[in-house]
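Coordinates from work22.pdb are shown below (PDB, C-alpha atoms).
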```pdb
ATOM      1  CA  MET A  11     -22.987  50.319 -30.442
ATOM      2  CA  PHE A  12     -22.717  54.084 -30.124
ATOM      3  CA  LYS A  13     -26.480  54.504 -30.442
ATOM      4  CA  THR A  14     -27.059  51.807 -27.792
ATOM      5  CA  VAL A  15     -24.698  53.490 -25.315
ATOM      6  CA  THR A  16     -26.338  56.855 -25.922
ATOM      7  CA  HIS A  17     -29.806  55.361 -25.431
ATOM      8  CA  ASN A  18     -28.724  53.666 -22.183
ATOM      9  CA  ALA A  19     -27.135  56.884 -20.938
ATOM     10  CA  VAL A  20     -30.295  58.845 -21.646
ATOM     11  CA  ARG A  21     -32.379  56.206 -19.910
ATOM     12  CA  ARG A  22     -30.102  56.307 -16.838
ATOM     13  CA  GLN A  23     -30.321  60.104 -16.748
ATOM     14  CA  ARG A  24     -34.115  59.914 -16.855
ATOM     15  CA  GLN A  25     -34.168  57.334 -14.100
ATOM     16  CA  LEU A  26     -31.842  59.477 -11.996
ATOM     17  CA  GLY A  27     -34.067  62.484 -12.607
ATOM     18  CA  ILE A  28     -37.133  60.540 -11.476
ATOM     19  CA  VAL A  29     -35.333  59.364  -8.332
ATOM     20  CA  LEU A  30     -34.188  62.897  -7.503
ATOM     21  CA  CYS A  31     -37.687  64.233  -8.120
ATOM     22  CA  LEU A  32     -39.201  61.612  -5.814
ATOM     23  CA  MET A  33     -36.607  62.395  -3.157
ATOM     24  CA  LEU A  34     -37.367  66.107  -3.438
ATOM     25  CA  CYS A  35     -41.107  65.483  -3.198
ATOM     26  CA  ALA A  36     -40.599  63.305  -0.135
ATOM     27  CA  TRP A  37     -38.461  66.008   1.464
ATOM     28  CA  VAL A  38     -41.092  68.676   0.755
ATOM     29  CA  VAL A  39     -43.867  66.518   2.221
ATOM     30  CA  GLN A  40     -41.757  65.772   5.300
ATOM     31  CA  ALA A  41     -40.933  69.471   5.729
ATOM     32  CA  ALA A  42     -44.638  70.348   5.471
ATOM     33  CA  GLU A  43     -45.567  67.732   8.072
ATOM     34  CA  SER A  44     -43.100  69.218  10.572
ATOM     35  CA  TYR A  45     -43.954  72.836   9.622
ATOM     36  CA  PRO A  46     -43.635  75.168  11.398
ATOM     37  CA  THR A  47     -40.554  74.785  13.538
ATOM     38  CA  ARG A  48     -40.035  78.468  14.338
ATOM     39  CA  THR A  49     -41.755  81.862  14.409
ATOM     40  CA  ILE A  50     -43.835  82.876  11.387
ATOM     41  CA  ARG A  51     -43.960  86.525  10.352
ATOM     42  CA  MET A  52     -47.319  87.805   9.078
ATOM     43  CA  ILE A  53     -46.863  91.086   7.233
ATOM     44  CA  VAL A  54     -49.742  93.561   7.428
ATOM     45  CA  ALA A  55     -49.203  96.293   4.847
ATOM     46  CA  TYR A  56     -51.033  98.916   6.915
ATOM     47  CA  PRO A  57     -50.579 100.647  10.292
ATOM     48  CA  PRO A  58     -52.120  99.123  13.436
ATOM     49  CA  GLY A  59     -55.831  99.590  14.039
ATOM     50  CA  GLY A  60     -57.312  99.230  10.549
ATOM     51  CA  GLY A  61     -59.360  96.372   9.162
ATOM     52  CA  THR A  62     -56.414  94.454   7.722
ATOM     53  CA  ASP A  63     -54.599  94.723  11.045
ATOM     54  CA  GLN A  64     -57.683  93.601  12.978
ATOM     55  CA  VAL A  65     -58.160  90.489  10.853
ATOM     56  CA  GLY A  66     -54.417  89.784  10.827
ATOM     57  CA  ARG A  67     -54.103  89.920  14.616
ATOM     58  CA  VAL A  68     -57.120  87.697  15.206
ATOM     59  CA  MET A  69     -55.739  85.092  12.788
ATOM     60  CA  ALA A  70     -52.177  85.373  14.133
ATOM     61  CA  GLU A  71     -53.371  84.755  17.686
ATOM     62  CA  GLN A  72     -55.346  81.666  16.734
ATOM     63  CA  LEU A  73     -52.703  80.220  14.403
ATOM     64  CA  THR A  74     -50.142  80.642  17.188
ATOM     65  CA  GLN A  75     -52.287  78.457  19.424
ATOM     66  CA  GLN A  76     -52.747  75.822  16.741
ATOM     67  CA  PHE A  77     -49.131  75.682  15.579
ATOM     68  CA  GLY A  78     -47.467  75.931  18.975
ATOM     69  CA  HIS A  79     -45.125  78.504  17.435
ATOM     70  CA  SER A  80     -45.591  82.271  17.355
ATOM     71  CA  VAL A  81     -47.204  83.978  14.399
ATOM     72  CA  MET A  82     -45.979  87.559  14.722
ATOM     73  CA  VAL A  83     -47.759  90.492  13.061
ATOM     74  CA  ASP A  84     -45.333  92.870  11.339
ATOM     75  CA  ASN A  85     -47.004  96.176  10.374
ATOM     76  CA  ARG A  86     -45.349  97.693   7.296
ATOM     77  CA  GLY A  87     -47.666 100.495   6.231
ATOM     78  CA  GLY A  88     -47.204 103.007   3.441
ATOM     79  CA  ALA A  89     -48.032 103.726  -0.210
ATOM     80  CA  THR A  90     -51.573 102.354   0.015
ATOM     81  CA  GLY A  91     -50.288  98.959   1.071
ATOM     82  CA  ASN A  92     -47.627  98.676  -1.616
ATOM     83  CA  ILE A  93     -44.563  98.797   0.660
ATOM     84  CA  GLY A  94     -45.506  95.876   2.887
ATOM     85  CA  THR A  95     -46.900  93.862  -0.015
ATOM     86  CA  GLU A  96     -43.659  94.203  -1.982
ATOM     87  CA  LEU A  97     -41.702  93.154   1.112
ATOM     88  CA  ALA A  98     -43.810  89.986   1.356
ATOM     89  CA  ALA A  99     -43.407  89.263  -2.360
ATOM     90  CA  ARG A 100     -39.609  89.378  -2.029
ATOM     91  CA  ALA A 101     -39.438  87.195   1.096
ATOM     92  CA  PRO A 102     -38.115  83.616   0.993
ATOM     93  CA  ALA A 103     -40.781  81.144  -0.146
ATOM     94  CA  ASP A 104     -40.368  78.895   2.889
ATOM     95  CA  GLY A 105     -43.672  79.438   4.677
ATOM     96  CA  TYR A 106     -42.174  81.652   7.376
ATOM     97  CA  THR A 107     -43.280  84.955   5.849
ATOM     98  CA  LEU A 108     -46.969  85.407   5.092
ATOM     99  CA  LEU A 109     -49.059  88.374   3.998
ATOM    100  CA  MET A 110     -52.494  89.354   5.258
ATOM    101  CA  GLY A 111     -53.545  90.766   1.909
ATOM    102  CA  ASN A 112     -56.157  93.351   1.125
ATOM    103  CA  VAL A 113     -58.214  94.238  -1.947
ATOM    104  CA  ALA A 114     -56.231  97.455  -2.523
ATOM    105  CA  PRO A 115     -52.636  96.211  -3.012
ATOM    106  CA  ASN A 116     -53.687  92.762  -4.183
ATOM    107  CA  ALA A 117     -56.288  93.773  -6.777
ATOM    108  CA  VAL A 118     -56.753  97.540  -7.194
ATOM    109  CA  ASN A 119     -53.318  99.157  -7.110
ATOM    110  CA  VAL A 120     -52.090  97.422 -10.256
ATOM    111  CA  SER A 121     -54.477  99.740 -12.126
ATOM    112  CA  LEU A 122     -53.709 102.849 -10.044
ATOM    113  CA  PHE A 123     -49.906 102.868 -10.130
ATOM    114  CA  ARG A 124     -47.718 102.962 -13.215
ATOM    115  CA  LYS A 125     -45.011 100.981 -11.436
ATOM    116  CA  LEU A 126     -45.437  98.407  -8.696
ATOM    117  CA  GLY A 127     -42.587  96.512  -7.116
ATOM    118  CA  PHE A 128     -44.630  93.306  -7.283
ATOM    119  CA  ASP A 129     -47.096  91.433  -9.465
ATOM    120  CA  PRO A 130     -50.294  90.714  -7.482
ATOM    121  CA  VAL A 131     -50.763  87.397  -9.316
ATOM    122  CA  ALA A 132     -47.326  86.083 -10.278
ATOM    123  CA  ASP A 133     -45.577  86.969  -7.010
ATOM    124  CA  PHE A 134     -47.968  85.286  -4.578
ATOM    125  CA  ALA A 135     -49.368  81.886  -3.687
ATOM    126  CA  PRO A 136     -52.951  82.438  -2.441
ATOM    127  CA  ILE A 137     -53.821  80.467   0.691
ATOM    128  CA  SER A 138     -57.365  81.521   1.558
ATOM    129  CA  LEU A 139     -59.811  84.377   1.444
ATOM    130  CA  VAL A 140     -60.196  84.988   5.176
ATOM    131  CA  ALA A 141     -62.945  87.583   5.466
ATOM    132  CA  VAL A 142     -65.039  90.108   3.565
ATOM    133  CA  THR A 143     -66.684  93.263   4.822
ATOM    134  CA  PRO A 144     -69.207  95.284   2.854
ATOM    135  CA  ASN A 145     -69.139  98.990   2.470
ATOM    136  CA  ILE A 146     -72.384 100.544   3.575
ATOM    137  CA  LEU A 147     -74.181 103.298   1.705
ATOM    138  CA  VAL A 148     -74.998 105.952   4.289
ATOM    139  CA  VAL A 149     -76.540 109.391   3.857
ATOM    140  CA  HIS A 150     -76.930 112.512   5.938
ATOM    141  CA  PRO A 151     -80.341 112.329   7.695
ATOM    142  CA  SER A 152     -81.428 115.633   6.127
ATOM    143  CA  LEU A 153     -81.603 114.004   2.679
ATOM    144  CA  PRO A 154     -84.893 112.441   1.468
ATOM    145  CA  ILE A 155     -83.057 109.204   0.611
ATOM    146  CA  LYS A 156     -84.171 105.938   2.160
ATOM    147  CA  THR A 157     -83.475 103.496  -0.677
ATOM    148  CA  THR A 158     -80.995 103.038  -3.499
ATOM    149  CA  LYS A 159     -83.786 103.915  -5.915
ATOM    150  CA  ASP A 160     -84.291 107.233  -4.079
ATOM    151  CA  LEU A 161     -80.592 108.006  -4.452
ATOM    152  CA  VAL A 162     -80.494 107.198  -8.164
ATOM    153  CA  THR A 163     -83.646 109.229  -8.794
ATOM    154  CA  LEU A 164     -82.307 112.263  -6.913
ATOM    155  CA  ALA A 165     -78.903 112.027  -8.602
ATOM    156  CA  LYS A 166     -80.577 112.017 -12.016
ATOM    157  CA  LEU A 167     -82.798 114.959 -11.125
ATOM    158  CA  ARG A 168     -79.840 116.945  -9.765
ATOM    159  CA  PRO A 169     -76.717 115.957 -11.737
ATOM    160  CA  GLY A 170     -73.518 116.883  -9.917
ATOM    161  CA  ALA A 171     -75.353 118.108  -6.821
ATOM    162  CA  LEU A 172     -74.547 115.110  -4.621
ATOM    163  CA  ASN A 173     -71.030 114.884  -3.212
ATOM    164  CA  PHE A 174     -69.546 111.698  -1.804
ATOM    165  CA  PRO A 175     -66.348 111.708   0.275
ATOM    166  CA  SER A 176     -63.802 108.916   0.472
ATOM    167  CA  ALA A 177     -60.718 107.872   2.400
ATOM    168  CA  GLY A 178     -58.677 108.804  -0.674
ATOM    169  CA  VAL A 179     -58.366 108.185  -4.394
ATOM    170  CA  GLY A 180     -58.545 104.463  -5.086
ATOM    171  CA  SER A 181     -59.935 103.576  -1.651
ATOM    172  CA  SER A 182     -62.905 101.239  -1.335
ATOM    173  CA  SER A 183     -65.156 104.172  -0.430
ATOM    174  CA  HIS A 184     -64.086 105.919  -3.644
ATOM    175  CA  LEU A 185     -64.335 102.984  -6.050
ATOM    176  CA  ALA A 186     -67.681 101.810  -4.668
ATOM    177  CA  GLY A 187     -69.070 105.231  -5.556
ATOM    178  CA  GLU A 188     -67.496 105.238  -9.003
ATOM    179  CA  MET A 189     -69.016 101.834  -9.689
ATOM    180  CA  LEU A 190     -72.482 103.102  -8.797
ATOM    181  CA  LYS A 191     -71.995 106.177 -10.997
ATOM    182  CA  SER A 192     -71.083 103.970 -13.933
ATOM    183  CA  MET A 193     -73.706 101.257 -13.478
ATOM    184  CA  ALA A 194     -76.590 103.606 -12.652
ATOM    185  CA  THR A 195     -75.413 106.295 -15.120
ATOM    186  CA  VAL A 196     -75.583 109.112 -12.580
ATOM    187  CA  ASN A 197     -73.352 112.131 -12.003
ATOM    188  CA  MET A 198     -72.070 112.469  -8.437
ATOM    189  CA  VAL A 199     -68.957 114.355  -7.343
ATOM    190  CA  HIS A 200     -66.119 112.532  -5.558
ATOM    191  CA  VAL A 201     -64.277 114.451  -2.819
ATOM    192  CA  PRO A 202     -61.173 112.658  -1.467
ATOM    193  CA  TYR A 203     -60.125 113.106   2.154
ATOM    194  CA  LYS A 204     -57.021 111.968   4.015
ATOM    195  CA  GLY A 205     -58.541 108.888   5.589
ATOM    196  CA  GLY A 206     -61.868 107.352   6.459
ATOM    197  CA  GLY A 207     -62.229 109.276   9.726
ATOM    198  CA  PRO A 208     -62.147 112.789   8.215
ATOM    199  CA  SER A 209     -64.490 111.755   5.412
ATOM    200  CA  LEU A 210     -67.061 110.443   7.921
ATOM    201  CA  VAL A 211     -66.796 113.690   9.909
ATOM    202  CA  ALA A 212     -67.536 115.634   6.713
ATOM    203  CA  LEU A 213     -70.638 113.518   6.101
ATOM    204  CA  ILE A 214     -71.913 113.782   9.670
ATOM    205  CA  SER A 215     -71.463 117.568   9.619
ATOM    206  CA  GLY A 216     -73.554 117.844   6.452
ATOM    207  CA  GLU A 217     -70.646 119.057   4.352
ATOM    208  CA  MET A 218     -71.047 115.895   2.233
ATOM    209  CA  GLN A 219     -74.299 114.140   1.348
ATOM    210  CA  ILE A 220     -73.639 110.397   0.869
ATOM    211  CA  MET A 221     -70.811 107.957   1.516
ATOM    212  CA  PHE A 222     -69.831 104.344   0.860
ATOM    213  CA  ALA A 223     -68.261 103.835   4.282
ATOM    214  CA  THR A 224     -66.786 100.664   5.714
ATOM    215  CA  LEU A 225     -69.399  98.910   7.812
ATOM    216  CA  PRO A 226     -67.409  98.731  11.097
ATOM    217  CA  ALA A 227     -66.672 102.479  10.922
ATOM    218  CA  ALA A 228     -70.232 103.522  10.021
ATOM    219  CA  MET A 229     -72.219 101.305  12.416
ATOM    220  CA  PRO A 230     -71.830 103.472  15.567
ATOM    221  CA  HIS A 231     -73.026 106.578  13.701
ATOM    222  CA  VAL A 232     -75.998 104.728  12.242
ATOM    223  CA  LYS A 233     -76.994 103.464  15.686
ATOM    224  CA  SER A 234     -76.764 106.994  17.105
ATOM    225  CA  ASN A 235     -78.919 108.307  14.222
ATOM    226  CA  LYS A 236     -76.205 110.649  13.001
ATOM    227  CA  LEU A 237     -76.337 108.832   9.654
ATOM    228  CA  ARG A 238     -79.023 106.880   7.811
ATOM    229  CA  ALA A 239     -78.096 103.467   6.424
ATOM    230  CA  VAL A 240     -79.478 102.759   2.955
ATOM    231  CA  ALA A 241     -77.862  99.600   1.588
ATOM    232  CA  VAL A 242     -74.789  97.382   1.601
ATOM    233  CA  THR A 243     -72.449  97.057  -1.352
ATOM    234  CA  THR A 244     -71.937  93.297  -1.325
ATOM    235  CA  ALA A 245     -73.829  90.794  -3.478
ATOM    236  CA  LYS A 246     -75.492  89.324  -0.375
ATOM    237  CA  ARG A 247     -76.945  91.010   2.669
ATOM    238  CA  SER A 248     -74.624  91.571   5.603
ATOM    239  CA  LEU A 249     -74.718  89.182   8.545
ATOM    240  CA  THR A 250     -74.204  92.172  10.833
ATOM    241  CA  MET A 251     -77.088  94.251   9.436
ATOM    242  CA  PRO A 252     -79.342  91.752   7.617
ATOM    243  CA  GLU A 253     -82.220  94.229   7.533
ATOM    244  CA  LEU A 254     -80.362  96.335   4.967
ATOM    245  CA  PRO A 255     -80.917  95.435   1.301
ATOM    246  CA  THR A 256     -78.052  95.258  -1.157
ATOM    247  CA  ILE A 257     -77.565  97.947  -3.787
ATOM    248  CA  ALA A 258     -78.342  95.274  -6.384
ATOM    249  CA  GLU A 259     -81.680  94.605  -4.666
ATOM    250  CA  GLY A 260     -82.282  98.346  -4.829
ATOM    251  CA  GLY A 261     -82.325  98.294  -8.606
ATOM    252  CA  VAL A 262     -78.673  98.383  -9.720
ATOM    253  CA  ALA A 263     -78.427  94.805 -10.988
ATOM    254  CA  GLY A 264     -75.023  93.143 -10.757
ATOM    255  CA  TYR A 265     -73.567  95.723  -8.377
ATOM    256  CA  GLU A 266     -70.994  94.251  -5.978
ATOM    257  CA  ALA A 267     -68.158  95.936  -4.131
ATOM    258  CA  ALA A 268     -66.457  94.618  -1.022
ATOM    259  CA  THR A 269     -63.345  95.060   1.048
ATOM    260  CA  TRP A 270     -61.661  91.704   1.501
ATOM    261  CA  TYR A 271     -58.753  90.238   3.426
ATOM    262  CA  GLY A 272     -56.862  87.094   2.508
ATOM    263  CA  LEU A 273     -53.788  85.153   3.498
ATOM    264  CA  LEU A 274     -51.027  84.750   0.908
ATOM    265  CA  ALA A 275     -47.468  83.430   0.761
ATOM    266  CA  PRO A 276     -44.630  84.322  -1.595
ATOM    267  CA  ALA A 277     -44.836  82.567  -4.963
ATOM    268  CA  ARG A 278     -43.103  79.173  -5.188
ATOM    269  CA  THR A 279     -43.990  78.315  -1.599
ATOM    270  CA  ALA A 280     -44.275  74.508  -1.552
ATOM    271  CA  ARG A 281     -47.803  73.301  -2.190
ATOM    272  CA  PRO A 282     -47.925  71.048   0.896
ATOM    273  CA  ILE A 283     -47.145  74.089   3.069
ATOM    274  CA  VAL A 284     -49.846  76.151   1.325
ATOM    275  CA  ASP A 285     -52.319  73.304   1.861
ATOM    276  CA  ARG A 286     -51.323  73.002   5.520
ATOM    277  CA  LEU A 287     -51.840  76.722   6.059
ATOM    278  CA  HIS A 288     -55.215  76.608   4.350
ATOM    279  CA  SER A 289     -56.274  73.701   6.531
ATOM    280  CA  GLU A 290     -55.350  75.651   9.661
ATOM    281  CA  VAL A 291     -57.214  78.756   8.457
ATOM    282  CA  VAL A 292     -60.349  76.654   7.938
ATOM    283  CA  LYS A 293     -60.021  75.296  11.485
ATOM    284  CA  VAL A 294     -59.657  78.813  12.894
ATOM    285  CA  LEU A 295     -62.730  80.091  11.052
ATOM    286  CA  ALA A 296     -64.800  77.107  12.163
ATOM    287  CA  GLY A 297     -64.223  77.923  15.839
ATOM    288  CA  PRO A 298     -65.020  80.817  18.197
ATOM    289  CA  THR A 299     -62.943  83.147  16.009
ATOM    290  CA  ARG A 300     -65.776  83.178  13.494
ATOM    291  CA  GLN A 301     -68.108  84.924  15.920
ATOM    292  CA  LYS A 302     -65.322  87.271  17.034
ATOM    293  CA  LEU A 303     -64.873  88.463  13.446
ATOM    294  CA  GLU A 304     -68.611  88.681  12.766
ATOM    295  CA  VAL A 305     -69.160  90.906  15.812
ATOM    296  CA  GLN A 306     -66.623  93.341  14.349
ATOM    297  CA  GLY A 307     -68.451  93.438  11.004
ATOM    298  CA  PHE A 308     -66.287  90.927   9.117
ATOM    299  CA  GLU A 309     -67.772  87.955   7.317
ATOM    300  CA  PRO A 310     -65.441  84.910   7.453
ATOM    301  CA  ASP A 311     -64.801  82.863   4.322
ATOM    302  CA  GLY A 312     -62.066  80.201   4.314
ATOM    303  CA  GLY A 313     -62.240  79.219   0.629
ATOM    304  CA  THR A 314     -59.613  77.082  -1.099
ATOM    305  CA  PRO A 315     -56.374  78.440  -2.614
ATOM    306  CA  ALA A 316     -57.716  77.835  -6.132
ATOM    307  CA  VAL A 317     -60.966  79.698  -5.456
ATOM    308  CA  PHE A 318     -59.060  82.581  -3.850
ATOM    309  CA  ALA A 319     -56.664  82.775  -6.820
ATOM    310  CA  ALA A 320     -59.591  82.977  -9.257
ATOM    311  CA  TYR A 321     -61.279  85.608  -7.090
ATOM    312  CA  ILE A 322     -58.171  87.818  -7.087
ATOM    313  CA  LYS A 323     -57.982  87.697 -10.882
ATOM    314  CA  SER A 324     -61.666  88.567 -11.209
ATOM    315  CA  GLU A 325     -61.257  91.472  -8.793
ATOM    316  CA  ILE A 326     -58.280  92.822 -10.759
ATOM    317  CA  THR A 327     -60.363  92.756 -13.943
ATOM    318  CA  LYS A 328     -63.407  94.336 -12.306
ATOM    319  CA  TRP A 329     -61.588  97.235 -10.657
ATOM    320  CA  ALA A 330     -59.462  97.890 -13.735
ATOM    321  CA  ARG A 331     -62.693  98.467 -15.658
ATOM    322  CA  VAL A 332     -64.130 100.745 -12.950
ATOM    323  CA  ILE A 333     -60.923 102.792 -12.767
ATOM    324  CA  LYS A 334     -60.790 103.144 -16.545
ATOM    325  CA  ASP A 335     -64.454 104.161 -16.820
ATOM    326  CA  ALA A 336     -63.966 106.723 -14.043
ATOM    327  CA  GLY A 337     -60.906 108.180 -15.786
ATOM    328  CA  ILE A 338     -58.736 107.880 -12.674
ATOM    329  CA  PRO A 339     -55.126 108.530 -13.777
ATOM    330  CA  ALA A 340     -52.349 106.165 -12.733
ATOM    331  CA  GLU A 341     -49.805 107.650 -10.348
TER     332      GLU A 341
END
```
Write the structure described by the file as structure tokens, please.
Amino acid sequence: MFKTVTHNAVRRQRQLGIVLCLMLCAWVVQAAESYPTRTIRMIVAYPPGGGTDQVGRVMAEQLTQQFGHSVMVDNRGGATGNIGTELAARAPADGYTLLMGNVAPNAVNVSLFRKLGFDPVADFAPISLVAVTPNILVVHPSLPIKTTKDLVTLAKLRPGALNFPSAGVGSSSHLAGEMLKSMATVNMVHVPYKGGGPSLVALISGEMQIMFATLPAAMPHVKSNKLRAVAVTTAKRSLTMPELPTIAEGGVAGYEAATWYGLLAPARTARPIVDRLHSEVVKVLAGPTRQKLEVQGFEPDGGTPAVFAAYIKSEITKWARVIKDAGIPAE
């Protein structure tokens, strides 16, 4: 009799658990269907004006129109994106705080900093890769470099003679150069500056010789013939400058470096809300916003949460290897 009562009690507990689970699932689905009901905050972990801010504001404007509720950009710059990214990671997982992520805090910084206040994988629910922009290999016009092969040949003939500036240690302009050094086995000297602007000025003046600049920043100087464009760093040619070959096409097989921007939510955000957000991002990128981003040098994506999650992990692995090979010390 005792065993029978115990078995019945266990069965009732299981049934109750199933009922509660179904009720919770129904509540989550209902909440997602009515989401959002108030203002959404989109954290941008950089000051206004940069690439992450540009993409974030374009998406916030369009999502506001689609949701009928404001999506407000909240710029929280500092510490190479770490401050704003940690703030997003610690926010309630209710869909009302989002992060316009960037390759640096969401894939690179875990290998550059001894201590981060967030885990780029465990603390976030990826929604979608929104856009990618290539860096562009540019050189001072006085150099006899017109192709990637020319650059590699010159760097091998004159080890340590070519200097490349960057926006700072660990920036995309720095790591793109370190990747080329490693993959092409050449010796070039990295010179960090305090931002992309000063580093471009140094290149234009002839103080530096080559640079892996962001495409939107470099384009005006290429058009005015102050710099010569050689190649793009992405695996595919740029939609903005399709005439430029990739570095991989130039002889460095497998080379790929890109600056990317993606929408994320705090971990444990309900899956129906993540799916709803992804659906809205896809709608935005299928409309006029696509051309608006492309004109600015960004290449829209809109991939699924699962694909974006896998991409982040692959980027973490890739840049960890580059940083280790380059001997860049963690701060």
(message) I want to know what sits within 6 Å of segment 316-332 of chain A, based on all atoms listed in the file, with residues of the same chain fewer than 2 positions away left out; could you give that as a list in words?
(response)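 Neighbouring residues, sequence-local ones excluded: Ala117, Val118, Ser121, Pro136, Ser138, Leu139, Met189, Thr314, Lys334 and Asp335 of chain A.
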(message) Please enumerate the residues selected by the PyMOL selection byres ((chain A and resi 50) around 6) when evaluated against the supplied file, formatted as a ChimeraX atom specification.
(response) /A:49,51,81,106-107
Determine, for each residue of segment 112-208 of chain A having at least one atom at most 9 Å from an atom of segment 289-306 of chain A, the closest pair of atoms and their separation in Å to one decimal, counting only C-alpha atoms; order by chain and ascending number, as JSON lines.
```
{"residue": "A:Ile137", "atom": "CA", "partner": "A:Val291", "partner_atom": "CA", "distance": 8.6}
{"residue": "A:Ser138", "atom": "CA", "partner": "A:Val291", "partner_atom": "CA", "distance": 7.4}
{"residue": "A:Val140", "atom": "CA", "partner": "A:Val291", "partner_atom": "CA", "distance": 7.6}
{"residue": "A:Ala141", "atom": "CA", "partner": "A:Leu303", "partner_atom": "CA", "distance": 8.3}
```
(request) Quick one: pull the distance between atom CA of Ile214 of chain A and atom CA of Leu237 of chain A, Å, one decimal. (result)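 Separating atom CA of Ile214 of chain A from atom CA of Leu237 of chain A is a distance of 6.6 Å.
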(message) Just want the 8 Å neighbourhood of segment 250-257 of chain A, counted on only C-alpha atoms, with same-chain residues fewer than 2 positions away dropped. Output as a list in words.
(response)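 Returned residues: Thr158, Ala239, Val240, Ala241, Val242, Thr243, Thr244, Ala245, Lys246, Arg247, Ser248, Glu259, Gly260, Gly261, Val262, Ala263, Tyr265, Glu266, Glu304, Val305 and Gly307 of chain A.
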(message) Can you measure atom CA of Val54 of chain A to atom CA of Gln75 of chain A for me? One decimal in Å is fine.
(response) 19.5 Å
(request) Check the smallest atom-to-atom distance from each of A:Leu172, A:Leu273, A:Ala99, A:Val83 to Pro58 of chain A using all atoms listed in the file, then report the winner. (result)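 The shortest atom-to-atom distance to Pro58 of chain A comes from A:Val83.
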(message) To one decimal place in Å, what is the distance between atom CA of Leu153 of chain A and atom CA of Gly178 of chain A?
(response) 23.7 Å
(message) Which residues are near Val232 of chain A? Cut-off 10 Å, all atoms listed in the file, ignore same chain within fewer than 5 positions. Put them as a list in words.
(response)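 Near Val232 of chain A, the qualifying residues are Val148, Val149, Pro151, Leu225, Ala227, Leu237, Arg238 and Ala239 of chain A.
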Using only C-alpha atoms, please write the residues we just selected to a file, as a tab-separated table (two decimals), in the frame of the given file.
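Written out: result.tsv:
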```tsv
chain	number	residue	atom	x	y	z
A	148	VAL	CA	-75.00	105.95	4.29
A	149	VAL	CA	-76.54	109.39	3.86
A	151	PRO	CA	-80.34	112.33	7.70
A	225	LEU	CA	-69.40	98.91	7.81
A	227	ALA	CA	-66.67	102.48	10.92
A	237	LEU	CA	-76.34	108.83	9.65
A	238	ARG	CA	-79.02	106.88	7.81
A	239	ALA	CA	-78.10	103.47	6.42
```
(request) Give as number ranges by chain the residues that the PyMOL selection byres ((chain A and resi 127) around 8) matches when applied to the coordinates above. (result) A: 92, 96, 125-126, 128-129
(request) Rank nothing, just name the residue among A:Asn173, A:Ala89, A:Asn112, A:Pro310 nearest to Gly60 of chain A, using only C-alpha atoms. (result) A:Asn112
